[in-house]
Every structure is written in structure tokens, then in C-alpha cells.
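Source file: start-v5.pdb. Holds: PDB, C-alpha atoms, pLDDT in the B column.
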ATOM      1  CA  MET A   1       0.000   0.000   0.000  1.00 34.00           C
ATOM      2  CA  SER A   2       1.526   3.298  -1.045  1.00 37.00           C
ATOM      3  CA  ASP A   3       1.675   6.476   1.023  1.00 41.00           C
ATOM      4  CA  GLN A   4      -1.037   7.984  -1.169  1.00 44.00           C
ATOM      5  CA  LYS A   5      -3.304   4.941  -0.920  1.00 49.00           C
ATOM      6  CA  VAL A   6      -2.941   4.815   2.860  1.00 53.00           C
ATOM      7  CA  HIS A   7      -4.241   8.341   3.185  1.00 59.00           C
ATOM      8  CA  GLU A   8      -7.050   7.766   0.680  1.00 64.00           C
ATOM      9  CA  ASP A   9      -8.349   4.641   2.426  1.00 77.00           C
ATOM     10  CA  PRO A  10     -11.276   5.763   4.629  1.00 82.00           C
ATOM     11  CA  GLU A  11     -11.261   2.571   6.701  1.00 86.00           C
ATOM     12  CA  PHE A  12      -7.537   2.820   7.409  1.00 86.00           C
ATOM     13  CA  MET A  13      -7.812   6.480   8.344  1.00 82.00           C
ATOM     14  CA  ALA A  14     -10.813   5.811  10.605  1.00 86.00           C
ATOM     15  CA  ARG A  15      -8.747   3.246  12.504  1.00 89.00           C
ATOM     16  CA  ARG A  16      -5.882   5.731  12.689  1.00 84.00           C
ATOM     17  CA  ASP A  17      -8.125   8.450  14.137  1.00 83.00           C
ATOM     18  CA  GLU A  18      -9.449   6.005  16.730  1.00 84.00           C
ATOM     19  CA  ALA A  19      -5.910   4.934  17.636  1.00 80.00           C
ATOM     20  CA  ARG A  20      -4.788   8.552  18.030  1.00 80.00           C
ATOM     21  CA  GLN A  21      -7.381   9.120  20.730  1.00 81.00           C
ATOM     22  CA  ARG A  22      -6.084   6.093  22.595  1.00 84.00           C
ATOM     23  CA  ILE A  23      -2.359   6.808  22.326  1.00 80.00           C
ATOM     24  CA  ASP A  24      -2.792  10.518  23.031  1.00 82.00           C
ATOM     25  CA  ALA A  25      -3.967   9.483  26.483  1.00 81.00           C
ATOM     26  CA  LEU A  26      -0.774   7.548  27.228  1.00 79.00           C
ATOM     27  CA  THR A  27       1.828   9.003  29.579  1.00 75.00           C
ATOM     28  CA  GLY A  28       4.446  10.897  27.583  1.00 77.00           C
ATOM     29  CA  ALA A  29       2.184  11.605  24.588  1.00 75.00           C
ATOM     30  CA  VAL A  30       2.742  15.361  24.776  1.00 76.00           C
ATOM     31  CA  GLY A  31       6.298  15.489  26.061  1.00 65.00           C
ATOM     32  CA  GLY A  32       7.054  15.908  29.717  1.00 65.00           C
ATOM     33  CA  ALA A  33       9.909  13.950  31.259  1.00 74.00           C
ATOM     34  CA  ALA A  34      12.339  12.386  28.785  1.00 75.00           C
ATOM     35  CA  GLU A  35      11.814   8.911  30.195  1.00 82.00           C
ATOM     36  CA  ASP A  36       8.041   9.263  29.763  1.00 83.00           C
ATOM     37  CA  ARG A  37       8.389  10.372  26.153  1.00 80.00           C
ATOM     38  CA  LEU A  38      10.664   7.443  25.302  1.00 80.00           C
ATOM     39  CA  ALA A  39       8.332   5.023  27.102  1.00 86.00           C
ATOM     40  CA  TRP A  40       5.485   6.389  24.986  1.00 85.00           C
ATOM     41  CA  PHE A  41       7.151   5.165  21.785  1.00 85.00           C
ATOM     42  CA  HIS A  42       7.424   1.670  23.276  1.00 87.00           C
ATOM     43  CA  ALA A  43       3.749   1.752  24.257  1.00 89.00           C
ATOM     44  CA  VAL A  44       2.531   2.839  20.812  1.00 90.00           C
ATOM     45  CA  TYR A  45       4.075  -0.201  19.124  1.00 91.00           C
ATOM     46  CA  ARG A  46       3.235  -2.574  21.955  1.00 88.00           C
ATOM     47  CA  GLU A  47      -0.442  -1.646  21.962  1.00 87.00           C
ATOM     48  CA  ALA A  48      -0.904  -1.469  18.187  1.00 90.00           C
ATOM     49  CA  GLY A  49      -2.006  -5.096  18.002  1.00 89.00           C
ATOM     50  CA  GLY A  50      -0.335  -5.538  14.621  1.00 91.00           C
ATOM     51  CA  ASP A  51      -2.410  -2.789  12.982  1.00 92.00           C
ATOM     52  CA  PRO A  52      -0.203  -0.240  11.152  1.00 92.00           C
ATOM     53  CA  ALA A  53      -3.053   2.279  11.326  1.00 90.00           C
ATOM     54  CA  ALA A  54      -2.279   2.508  15.053  1.00 91.00           C
ATOM     55  CA  ILE A  55       1.229   3.827  14.286  1.00 92.00           C
ATOM     56  CA  PRO A  56       0.657   7.522  13.426  1.00 86.00           C
ATOM     57  CA  TRP A  57       3.845   7.907  11.389  1.00 88.00           C
ATOM     58  CA  ALA A  58       3.600   4.596   9.466  1.00 89.00           C
ATOM     59  CA  ASP A  59       2.680   5.273   5.825  1.00 87.00           C
ATOM     60  CA  LEU A  60       3.583   1.749   4.602  1.00 92.00           C
ATOM     61  CA  ALA A  61       5.675   3.364   1.879  1.00 94.00           C
ATOM     62  CA  PRO A  62       8.974   5.246   1.666  1.00 96.00           C
ATOM     63  CA  LYS A  63       8.822   9.017   1.814  1.00 95.00           C
ATOM     64  CA  VAL A  64       8.493  10.416  -1.711  1.00 95.00           C
ATOM     65  CA  ALA A  65      11.147  13.047  -0.969  1.00 96.00           C
ATOM     66  CA  LEU A  66      13.605  10.286  -0.068  1.00 97.00           C
ATOM     67  CA  LEU A  67      12.842   8.320  -3.230  1.00 97.00           C
ATOM     68  CA  ASP A  68      13.369  11.421  -5.361  1.00 97.00           C
ATOM     69  CA  TRP A  69      16.725  12.107  -3.699  1.00 97.00           C
ATOM     70  CA  LEU A  70      17.880   8.506  -3.989  1.00 98.00           C
ATOM     71  CA  GLY A  71      17.066   8.552  -7.692  1.00 97.00           C
ATOM     72  CA  GLN A  72      19.888  11.073  -8.102  1.00 97.00           C
ATOM     73  CA  ASN A  73      22.200   9.626  -5.426  1.00 98.00           C
ATOM     74  CA  PRO A  74      22.616   5.840  -5.693  1.00 97.00           C
ATOM     75  CA  GLY A  75      24.507   4.023  -2.980  1.00 98.00           C
ATOM     76  CA  ASN A  76      27.037   1.937  -4.906  1.00 97.00           C
ATOM     77  CA  GLY A  77      27.735  -0.098  -1.788  1.00 98.00           C
ATOM     78  CA  ARG A  78      28.269   2.801   0.590  1.00 98.00           C
ATOM     79  CA  ARG A  79      26.999   2.536   4.173  1.00 98.00           C
ATOM     80  CA  ALA A  80      23.702   4.108   5.226  1.00 99.00           C
ATOM     81  CA  ILE A  81      21.726   4.207   8.449  1.00 99.00           C
ATOM     82  CA  ASP A  82      18.019   4.912   8.940  1.00 98.00           C
ATOM     83  CA  ILE A  83      17.190   6.540  12.273  1.00 98.00           C
ATOM     84  CA  GLY A  84      13.971   5.522  14.036  1.00 97.00           C
ATOM     85  CA  CYS A  85      13.145   3.137  11.190  1.00 97.00           C
ATOM     86  CA  GLY A  86       9.701   2.113  12.442  1.00 96.00           C
ATOM     87  CA  LEU A  87       8.146  -0.455  10.104  1.00 97.00           C
ATOM     88  CA  GLY A  88      11.068  -0.316   7.668  1.00 98.00           C
ATOM     89  CA  ASP A  89       9.853   1.328   4.456  1.00 97.00           C
ATOM     90  CA  ASN A  90      12.523   4.036   4.246  1.00 98.00           C
ATOM     91  CA  ALA A  91      15.254   1.553   5.135  1.00 98.00           C
ATOM     92  CA  GLN A  92      14.128  -0.720   2.315  1.00 98.00           C
ATOM     93  CA  ALA A  93      14.312   2.199  -0.115  1.00 98.00           C
ATOM     94  CA  LEU A  94      17.894   2.905   0.965  1.00 98.00           C
ATOM     95  CA  ALA A  95      18.873  -0.725   0.414  1.00 98.00           C
ATOM     96  CA  GLN A  96      17.150  -0.875  -2.963  1.00 98.00           C
ATOM     97  CA  ALA A  97      19.099   2.223  -4.002  1.00 98.00           C
ATOM     98  CA  GLY A  98      22.342   0.318  -3.433  1.00 98.00           C
ATOM     99  CA  TYR A  99      23.291   1.305   0.113  1.00 98.00           C
ATOM    100  CA  GLU A 100      24.525  -1.224   2.651  1.00 98.00           C
ATOM    101  CA  THR A 101      21.835  -0.293   5.138  1.00 98.00           C
ATOM    102  CA  THR A 102      21.527  -0.451   8.905  1.00 98.00           C
ATOM    103  CA  ALA A 103      18.193   0.562  10.409  1.00 98.00           C
ATOM    104  CA  PHE A 104      17.375   0.945  14.074  1.00 98.00           C
ATOM    105  CA  ASP A 105      14.529   1.784  16.376  1.00 96.00           C
ATOM    106  CA  LEU A 106      14.138   2.177  20.113  1.00 93.00           C
ATOM    107  CA  SER A 107      11.223  -0.262  20.096  1.00 93.00           C
ATOM    108  CA  PRO A 108      11.887  -4.024  19.883  1.00 94.00           C
ATOM    109  CA  ASP A 109       8.299  -4.387  18.668  1.00 93.00           C
ATOM    110  CA  ALA A 110       8.985  -2.054  15.733  1.00 95.00           C
ATOM    111  CA  ILE A 111      12.096  -3.984  14.721  1.00 97.00           C
ATOM    112  CA  ALA A 112      10.326  -7.342  14.944  1.00 96.00           C
ATOM    113  CA  TRP A 113       7.465  -5.941  12.872  1.00 96.00           C
ATOM    114  CA  ALA A 114       9.832  -4.615  10.183  1.00 98.00           C
ATOM    115  CA  LYS A 115      11.552  -7.993   9.974  1.00 98.00           C
ATOM    116  CA  ARG A 116       8.186  -9.733   9.538  1.00 97.00           C
ATOM    117  CA  ARG A 117       7.225  -7.335   6.748  1.00 97.00           C
ATOM    118  CA  PHE A 118      10.525  -7.789   4.915  1.00 98.00           C
ATOM    119  CA  PRO A 119      11.752 -11.319   5.763  1.00 97.00           C
ATOM    120  CA  GLN A 120      14.284 -11.462   2.901  1.00 96.00           C
ATOM    121  CA  SER A 121      15.598  -7.947   3.440  1.00 98.00           C
ATOM    122  CA  PRO A 122      19.328  -7.147   3.190  1.00 98.00           C
ATOM    123  CA  VAL A 123      18.787  -4.383   5.776  1.00 98.00           C
ATOM    124  CA  HIS A 124      20.503  -4.912   9.144  1.00 98.00           C
ATOM    125  CA  TYR A 125      17.651  -4.164  11.548  1.00 98.00           C
ATOM    126  CA  ARG A 126      18.744  -3.364  15.105  1.00 98.00           C
ATOM    127  CA  VAL A 127      17.161  -2.360  18.393  1.00 97.00           C
ATOM    128  CA  ALA A 128      19.152   0.678  19.523  1.00 97.00           C
ATOM    129  CA  ASP A 129      18.849   4.022  21.281  1.00 95.00           C
ATOM    130  CA  LEU A 130      19.867   7.172  19.396  1.00 97.00           C
ATOM    131  CA  PHE A 131      21.187   8.590  22.668  1.00 96.00           C
ATOM    132  CA  ALA A 132      23.320   5.533  23.465  1.00 96.00           C
ATOM    133  CA  PRO A 133      24.257   3.954  20.103  1.00 97.00           C
ATOM    134  CA  PRO A 134      26.836   1.203  19.618  1.00 98.00           C
ATOM    135  CA  SER A 135      30.321   2.707  19.739  1.00 98.00           C
ATOM    136  CA  GLU A 136      31.189   1.349  16.285  1.00 98.00           C
ATOM    137  CA  TRP A 137      28.515   3.590  14.730  1.00 98.00           C
ATOM    138  CA  SER A 138      30.391   6.790  15.559  1.00 98.00           C
ATOM    139  CA  GLY A 139      31.338   8.504  12.289  1.00 98.00           C
ATOM    140  CA  ALA A 140      30.655   5.275  10.414  1.00 98.00           C
ATOM    141  CA  PHE A 141      27.991   6.083   7.804  1.00 98.00           C
ATOM    142  CA  ASP A 142      28.269   7.637   4.373  1.00 98.00           C
ATOM    143  CA  LEU A 143      24.570   8.488   4.480  1.00 99.00           C
ATOM    144  CA  VAL A 144      22.449   9.159   7.561  1.00 99.00           C
ATOM    145  CA  HIS A 145      18.708   9.381   6.980  1.00 98.00           C
ATOM    146  CA  GLU A 146      16.566  11.163   9.570  1.00 98.00           C
ATOM    147  CA  SER A 147      12.845  11.436   8.913  1.00 97.00           C
ATOM    148  CA  TYR A 148      10.295  12.472  11.556  1.00 96.00           C
ATOM    149  CA  THR A 149      12.418  11.716  14.628  1.00 96.00           C
ATOM    150  CA  VAL A 150      13.383  15.251  15.667  1.00 97.00           C
ATOM    151  CA  GLN A 151       9.854  16.575  15.172  1.00 96.00           C
ATOM    152  CA  ALA A 152       8.566  13.919  17.560  1.00 92.00           C
ATOM    153  CA  LEU A 153      10.844  15.105  20.373  1.00 92.00           C
ATOM    154  CA  ASP A 154      10.588  18.128  22.637  1.00 90.00           C
ATOM    155  CA  GLY A 155      12.718  19.884  25.217  1.00 90.00           C
ATOM    156  CA  ASP A 156      15.957  18.235  26.282  1.00 92.00           C
ATOM    157  CA  LEU A 157      15.518  15.208  24.005  1.00 92.00           C
ATOM    158  CA  ARG A 158      15.164  17.477  20.983  1.00 94.00           C
ATOM    159  CA  GLN A 159      18.328  19.382  21.867  1.00 95.00           C
ATOM    160  CA  ARG A 160      20.274  16.177  22.426  1.00 96.00           C
ATOM    161  CA  SER A 161      19.090  14.607  19.182  1.00 97.00           C
ATOM    162  CA  VAL A 162      21.044  16.990  16.928  1.00 98.00           C
ATOM    163  CA  PRO A 163      24.583  16.110  18.109  1.00 98.00           C
ATOM    164  CA  ALA A 164      23.577  12.443  18.413  1.00 98.00           C
ATOM    165  CA  ILE A 165      22.497  12.341  14.764  1.00 98.00           C
ATOM    166  CA  ALA A 166      25.488  14.359  13.541  1.00 98.00           C
ATOM    167  CA  ALA A 167      27.873  11.964  15.281  1.00 98.00           C
ATOM    168  CA  LEU A 168      26.846   9.137  12.942  1.00 98.00           C
ATOM    169  CA  VAL A 169      28.015  10.908   9.766  1.00 98.00           C
ATOM    170  CA  ALA A 170      31.381   9.781   8.389  1.00 98.00           C
ATOM    171  CA  PRO A 171      33.976  12.196   6.965  1.00 98.00           C
ATOM    172  CA  GLY A 172      32.744  12.967   3.467  1.00 98.00           C
ATOM    173  CA  GLY A 173      29.313  11.579   4.374  1.00 98.00           C
ATOM    174  CA  ARG A 174      25.912  13.196   4.157  1.00 98.00           C
ATOM    175  CA  LEU A 175      22.830  13.650   6.298  1.00 98.00           C
ATOM    176  CA  ILE A 176      19.328  13.793   4.815  1.00 98.00           C
ATOM    177  CA  PHE A 177      16.929  15.540   7.174  1.00 98.00           C
ATOM    178  CA  PHE A 178      13.198  15.416   6.340  1.00 98.00           C
ATOM    179  CA  ASN A 179      10.719  16.750   8.897  1.00 97.00           C
ATOM    180  CA  ARG A 180       7.647  18.940   9.192  1.00 97.00           C
ATOM    181  CA  SER A 181       8.640  22.607   9.294  1.00 98.00           C
ATOM    182  CA  ARG A 182       7.347  25.918  10.647  1.00 97.00           C
ATOM    183  CA  PRO A 183       8.469  29.541  10.303  1.00 97.00           C
ATOM    184  CA  GLU A 184      11.069  30.825  12.730  1.00 98.00           C
ATOM    185  CA  GLY A 185       9.418  31.823  16.000  1.00 96.00           C
ATOM    186  CA  ALA A 186       6.037  30.284  15.177  1.00 96.00           C
ATOM    187  CA  SER A 187       4.373  28.355  17.985  1.00 93.00           C
ATOM    188  CA  ALA A 188       3.707  24.628  17.748  1.00 90.00           C
ATOM    189  CA  GLU A 189       1.282  22.431  19.608  1.00 86.00           C
ATOM    190  CA  GLY A 190       2.545  18.890  19.372  1.00 81.00           C
ATOM    191  CA  PRO A 191       3.240  16.206  19.007  1.00 86.00           C
ATOM    192  CA  PRO A 192       4.670  16.449  16.501  1.00 91.00           C
ATOM    193  CA  TRP A 193       6.455  19.765  16.908  1.00 94.00           C
ATOM    194  CA  PRO A 194       7.535  20.976  13.431  1.00 97.00           C
ATOM    195  CA  VAL A 195      11.108  22.203  13.233  1.00 98.00           C
ATOM    196  CA  MET A 196      12.226  25.794  12.687  1.00 98.00           C
ATOM    197  CA  PRO A 197      15.153  26.814  10.430  1.00 98.00           C
ATOM    198  CA  SER A 198      17.344  27.612  13.429  1.00 98.00           C
ATOM    199  CA  GLU A 199      16.790  24.062  14.703  1.00 98.00           C
ATOM    200  CA  TRP A 200      17.778  22.108  11.620  1.00 98.00           C
ATOM    201  CA  ARG A 201      20.683  24.468  10.945  1.00 98.00           C
ATOM    202  CA  MET A 202      22.067  23.534  14.364  1.00 98.00           C
ATOM    203  CA  PHE A 203      23.692  20.565  12.624  1.00 98.00           C
ATOM    204  CA  GLU A 204      26.293  23.047  11.367  1.00 98.00           C
ATOM    205  CA  GLU A 205      27.419  23.508  14.968  1.00 98.00           C
ATOM    206  CA  PHE A 206      28.508  19.854  14.968  1.00 98.00           C
ATOM    207  CA  GLY A 207      30.756  19.783  11.927  1.00 98.00           C
ATOM    208  CA  LEU A 208      28.199  19.467   9.112  1.00 98.00           C
ATOM    209  CA  VAL A 209      27.773  21.875   6.211  1.00 98.00           C
ATOM    210  CA  LEU A 210      24.318  22.638   4.790  1.00 98.00           C
ATOM    211  CA  THR A 211      24.429  21.972   1.035  1.00 98.00           C
ATOM    212  CA  ASN A 212      20.750  22.016   0.109  1.00 97.00           C
ATOM    213  CA  GLU A 213      17.528  23.192   1.727  1.00 97.00           C
ATOM    214  CA  THR A 214      14.190  22.583   0.001  1.00 97.00           C
ATOM    215  CA  GLU A 215      10.677  23.400   1.147  1.00 96.00           C
ATOM    216  CA  ILE A 216       8.232  20.612   0.314  1.00 96.00           C
ATOM    217  CA  ALA A 217       4.434  20.704   0.603  1.00 94.00           C
ATOM    218  CA  VAL A 218       3.059  17.289   1.547  1.00 91.00           C
ATOM    219  CA  GLU A 219      -0.604  16.778   0.766  1.00 85.00           C
ATOM    220  CA  ARG A 220      -2.850  15.105   3.322  1.00 80.00           C
ATOM    221  CA  PRO A 221      -6.658  14.828   3.219  1.00 75.00           C
ATOM    222  CA  GLY A 222      -8.004  18.352   3.559  1.00 79.00           C
ATOM    223  CA  ARG A 223      -4.669  20.008   4.308  1.00 87.00           C
ATOM    224  CA  THR A 224      -1.165  20.713   3.122  1.00 93.00           C
ATOM    225  CA  ILE A 225       1.713  20.223   5.561  1.00 94.00           C
ATOM    226  CA  ALA A 226       4.973  22.154   5.177  1.00 96.00           C
ATOM    227  CA  HIS A 227       8.148  20.068   5.290  1.00 97.00           C
ATOM    228  CA  VAL A 228      11.825  20.713   4.843  1.00 98.00           C
ATOM    229  CA  LEU A 229      14.356  18.504   3.099  1.00 98.00           C
ATOM    230  CA  ALA A 230      17.808  19.613   4.242  1.00 98.00           C
ATOM    231  CA  VAL A 231      21.002  17.909   3.102  1.00 98.00           C
ATOM    232  CA  PHE A 232      24.247  18.294   5.031  1.00 98.00           C
ATOM    233  CA  GLU A 233      27.769  17.084   4.370  1.00 98.00           C
ATOM    234  CA  ARG A 234      30.700  16.466   6.677  1.00 98.00           C
ATOM    235  CA  PRO A 235      33.950  17.633   5.081  1.00 98.00           C
ATOM    236  CA  ALA A 236      36.334  14.797   4.307  1.00 96.00           C
TER     237      ALA A 236
END

When written as C-alpha cells, how does the structure in this file appear?
Amino acid sequence: MSDQKVHEDPEFMARRDEARQRIDALTGAVGGAAEDRLAWFHAVYREAGGDPAAIPWADLAPKVALLDWLGQNPGNGRRAIDIGCGLGDNAQALAQAGYETTAFDLSPDAIAWAKRRFPQSPVHYRVADLFAPPSEWSGAFDLVHESYTVQALDGDLRQRSVPAIAALVAPGGRLIFFNRSRPEGASAEGPPWPVMPSEWRMFEEFGLVLTNETEIAVERPGRTIAHVLAVFERPA
């Protein structure tokens, strides 16, 4: 089921709306203590009952912006990592584009689910924490893909996520950052909390250079949601 078909399926979307009411009532749904927010991600997958409609960010298809970028930037065997991979669609796109791909998520349920969906996948799916990754991942990836993780975090976790993500990028490697966006200084009632330009440009404070910044309008039923696709590079 493609991203477009997911959002055009009334039954799927009705289940998603019902699930949102349930998960919005869970501790950590709107931020608060860091441990509560991280526990919330575990709970969402655990209580989904195998229904992807109960995972608000699961489109069952790779992000179109990622596919467009990969069409111009094949992997040719280089190493890539997908942050907060969820049910695995973006990770699969990276692998199909020729990247040797690692994908991780905080939730063991998410990783098990991704492996069930793609049993013959070449992707190395791992349970891992962005804030305490395996030491061998430091500066190890030619391409780091971050989609929708930062926007789902608030407060201290959001601040900590930027250096944690930047640390994965190898010399000469690139970071693709795709999240909902908002104008500088605009308020946000989350989750998710769309990112401001000053937030995504913080990656430059950790050794990355912004090479491309594109505004993208993503269509959803009855609304258009502003996104940013920002590409960074770490000098070799």
C-alpha cells in the first residue's frame, strides 16, 4: 500500500483516528519527562495489536522526498543508516538504491514488525537508542537518513538529538533531514512539533555543512503540511 493509498483509504484512516485518541492518552504523549516520552514510543508499538493504522507515522511506503533524492544519489555499496526506522519502508528504499543499510529503532516491537514485513531484506535491523548507540557507529555512515524523529521530540531530548544524529556521519558523508517545518518563532502544539530553520541548521554547529535546503508541501486529506528537506555534508 503506497503512502497515497494509505491516506485515501477511509477505513484505514478511521482506525488511525481512533488509535490517536487512545495513544494521546498515554503518559508521555505530549512530552514531559524524557523517560516518559521514550516510554510512549514503546507503548505505541506494543499496543498497536499488529495494525499499522495505530502507528501515526507509518505510511507503509517510503517518503516520496527520499525516493526522489535517492534517484539522483545511488549508494554503490556505501553505508547508510536509517534513524527511528519504524516499520522499515525508508530503510528498504535505501537498500534498494544500493546502500549497505543499517536501520534501528528504540522499540523491539517495531524492529520485529519490520523484519516480519521484509523477511528477505538485506537491511541490518537493530534495536538501539539514538542517545546511546553502539560505539562502532560513531562517524561510520556515508549516508544518515533522519525522517520524523526530531519533530517527535521536545525539550531536552530534541536538543540532544542533533549532536547524536550528527555523530553518525562519516567524513565525506551526508545527512538527509526530512521533517515537518514551521516559520522561525512560530508556535507549535505537538506532538509532533515541526522544526524551525534555526533548529535544523544547528547541525552546522557539529561539523556538518548545509548543502541544500528545500521546502516541500506534503498533501494530506483536507490540508497541506509544510516540510523541509535539508542535506548536510561532513567535510572529508

**OP:** Name every residue that the PyMOL selection byres ((chain A and resi 63) around 10) selects in this structure, writing the answer as a list in words with chains first and numbers rising.
**Re:** Ser2, Asp3, Asp59, Leu60, Ala61, Pro62, Val64, Ala65, Leu66, Leu67, Asp68, Asp89, Asn90, Ala93, Ser147 and Phe178 of chain A

**OP:** Name the residues that the PyMOL selection byres ((chain A and resi 102) around 7) pulls out of this structure, and write them as a PyMOL selection string.
**Re:** chain A and resi 80-82+100-101+103-104+123-125

Subject >> Two-atom distance - CA of Asp154 (chain A), CA of Arg37 (chain A) (Å) >> reply: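 Here the two named atoms are 8.8 Å from each other.
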
Original post:
Which neighbours of region 39-51 of chain A fall inside 6 Å, counting only C-alpha atoms, when residues of the same chain fewer than 5 positions from it are skipped, and could you give them as a PyMOL selection string?
Top reply: chain A and resi 28+107+109

Print the selection's residues with C-alpha atoms to a file, as a short mmCIF file (atom, residue, chain, number, x, y, z; two decimals), in the frame of the given file.
data_model
loop_
_atom_site.label_atom_id
_atom_site.label_comp_id
_atom_site.auth_asym_id
_atom_site.auth_seq_id
_atom_site.Cartn_x
_atom_site.Cartn_y
_atom_site.Cartn_z
CA GLY A 28 4.45 10.90 27.58
CA SER A 107 11.22 -0.26 20.10
CA ASP A 109 8.30 -4.39 18.67
#

Original post:
What is the CA of Leu157 (chain A)-CA of Phe141 (chain A) distance in Å, reported with one decimal?
Top reply: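 Separation of CA of Leu157 (chain A) and CA of Phe141 (chain A): 22.4 Å.
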
**OP:** Just give me the residues with any atom within 12 Å of (21.5, 26.1, 9.4), file coordinates, counting all atoms listed in the file, written as a ChimeraX atom specification.
**Re:** /A:162,177,184,195-213,228,230-232

Subject >> Surrounding residues of Trp137 (chain A) excluding itself and chain neighbours under 2 positions, 9 Å, all atoms listed in the file, as number ranges by chain >> reply: A: 133-135, 139-141, 167-169

Save out the residues we just selected, C-alpha atoms, as a PDB file, in the coordinates of the input.
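And here's out23.pdb as it stands now:
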ATOM      1  CA  PRO A 133      24.257   3.954  20.103  1.00 97.00           C
ATOM      2  CA  PRO A 134      26.836   1.203  19.618  1.00 98.00           C
ATOM      3  CA  SER A 135      30.321   2.707  19.739  1.00 98.00           C
ATOM      4  CA  GLY A 139      31.338   8.504  12.289  1.00 98.00           C
ATOM      5  CA  ALA A 140      30.655   5.275  10.414  1.00 98.00           C
ATOM      6  CA  PHE A 141      27.991   6.083   7.804  1.00 98.00           C
ATOM      7  CA  ALA A 167      27.873  11.964  15.281  1.00 98.00           C
ATOM      8  CA  LEU A 168      26.846   9.137  12.942  1.00 98.00           C
ATOM      9  CA  VAL A 169      28.015  10.908   9.766  1.00 98.00           C
TER      10      VAL A 169
END

Original post:
How many Å lie between CA of Ala33 (chain A) and CA of Asp156 (chain A), rounded to one decimal?
Top reply: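 Calculated distance between CA of Ala33 (chain A) and CA of Asp156 (chain A) is 8.9 Å.
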
Compile the contact shell of Ile111 (chain A) as an mmCIF file with C-alpha atoms, in the coordinates of the input: residues with an atom at most 9 Å away, counting only C-alpha atoms, same-chain residues fewer than 6 positions apart removed.
data_model
loop_
_atom_site.group_PDB
_atom_site.id
_atom_site.type_symbol
_atom_site.label_atom_id
_atom_site.label_comp_id
_atom_site.auth_asym_id
_atom_site.auth_seq_id
_atom_site.Cartn_x
_atom_site.Cartn_y
_atom_site.Cartn_z
ATOM 1 C CA CYS A 85 13.145 3.137 11.190
ATOM 2 C CA GLY A 86 9.701 2.113 12.442
ATOM 3 C CA LEU A 87 8.146 -0.455 10.104
ATOM 4 C CA GLY A 88 11.068 -0.316 7.668
ATOM 5 C CA ALA A 103 18.193 0.562 10.409
ATOM 6 C CA PHE A 104 17.375 0.945 14.074
ATOM 7 C CA ASP A 105 14.529 1.784 16.376
ATOM 8 C CA TYR A 125 17.651 -4.164 11.548
ATOM 9 C CA ARG A 126 18.744 -3.364 15.105
ATOM 10 C CA VAL A 127 17.161 -2.360 18.393
#

Subject >> Residue with smallest distance to Ala53 (chain A) - pool A:Pro119, A:Pro10, A:Pro171, A:Gly155, counting all atoms listed in the file >> reply: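 Closest candidate: A:Pro10.
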
Subject >> Residues near Asp17 (chain A), cut-off 12 Å, all atoms listed in the file, skip fewer than 5 positions along chain, as a list of chain:residue names >> reply: A:His7, A:Pro10, A:Glu11, A:Phe12, A:Arg22, A:Ile23, A:Asp24, A:Ala53, A:Ala54, A:Ile55, A:Pro56

**OP:** Tell me which of A:Pro108, A:Pro194, A:Pro52, A:Gly75 sits closest to Arg15 (chain A), counting all atoms listed in the file.
**Re:**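 Answer, going by the shortest atom-to-atom distance: A:Pro52.
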
**OP:** For Ile225 (chain A), please output as a ChimeraX atom specification all residues within 9 Å (counting all atoms listed in the file; exclusion window: fewer than 3 positions along the same chain).
**Re:** /A:180-181,216-220

Apply the PyMOL selection byres ((chain A and resi 98) around 12) to the displayed file and report the matching residues as a PDB file with C-alpha atoms, in the frame of the given file.
ATOM      1  CA  LEU A  70      17.880   8.506  -3.989  1.00 98.00           C
ATOM      2  CA  GLY A  71      17.066   8.552  -7.692  1.00 97.00           C
ATOM      3  CA  GLN A  72      19.888  11.073  -8.102  1.00 97.00           C
ATOM      4  CA  ASN A  73      22.200   9.626  -5.426  1.00 98.00           C
ATOM      5  CA  PRO A  74      22.616   5.840  -5.693  1.00 97.00           C
ATOM      6  CA  GLY A  75      24.507   4.023  -2.980  1.00 98.00           C
ATOM      7  CA  ASN A  76      27.037   1.937  -4.906  1.00 97.00           C
ATOM      8  CA  GLY A  77      27.735  -0.098  -1.788  1.00 98.00           C
ATOM      9  CA  ARG A  78      28.269   2.801   0.590  1.00 98.00           C
ATOM     10  CA  ARG A  79      26.999   2.536   4.173  1.00 98.00           C
ATOM     11  CA  ALA A  80      23.702   4.108   5.226  1.00 99.00           C
ATOM     12  CA  ALA A  91      15.254   1.553   5.135  1.00 98.00           C
ATOM     13  CA  GLN A  92      14.128  -0.720   2.315  1.00 98.00           C
ATOM     14  CA  ALA A  93      14.312   2.199  -0.115  1.00 98.00           C
ATOM     15  CA  LEU A  94      17.894   2.905   0.965  1.00 98.00           C
ATOM     16  CA  ALA A  95      18.873  -0.725   0.414  1.00 98.00           C
ATOM     17  CA  GLN A  96      17.150  -0.875  -2.963  1.00 98.00           C
ATOM     18  CA  ALA A  97      19.099   2.223  -4.002  1.00 98.00           C
ATOM     19  CA  TYR A  99      23.291   1.305   0.113  1.00 98.00           C
ATOM     20  CA  GLU A 100      24.525  -1.224   2.651  1.00 98.00           C
ATOM     21  CA  THR A 101      21.835  -0.293   5.138  1.00 98.00           C
ATOM     22  CA  PRO A 122      19.328  -7.147   3.190  1.00 98.00           C
ATOM     23  CA  VAL A 123      18.787  -4.383   5.776  1.00 98.00           C
ATOM     24  CA  LEU A 143      24.570   8.488   4.480  1.00 99.00           C
TER      25      LEU A 143
END
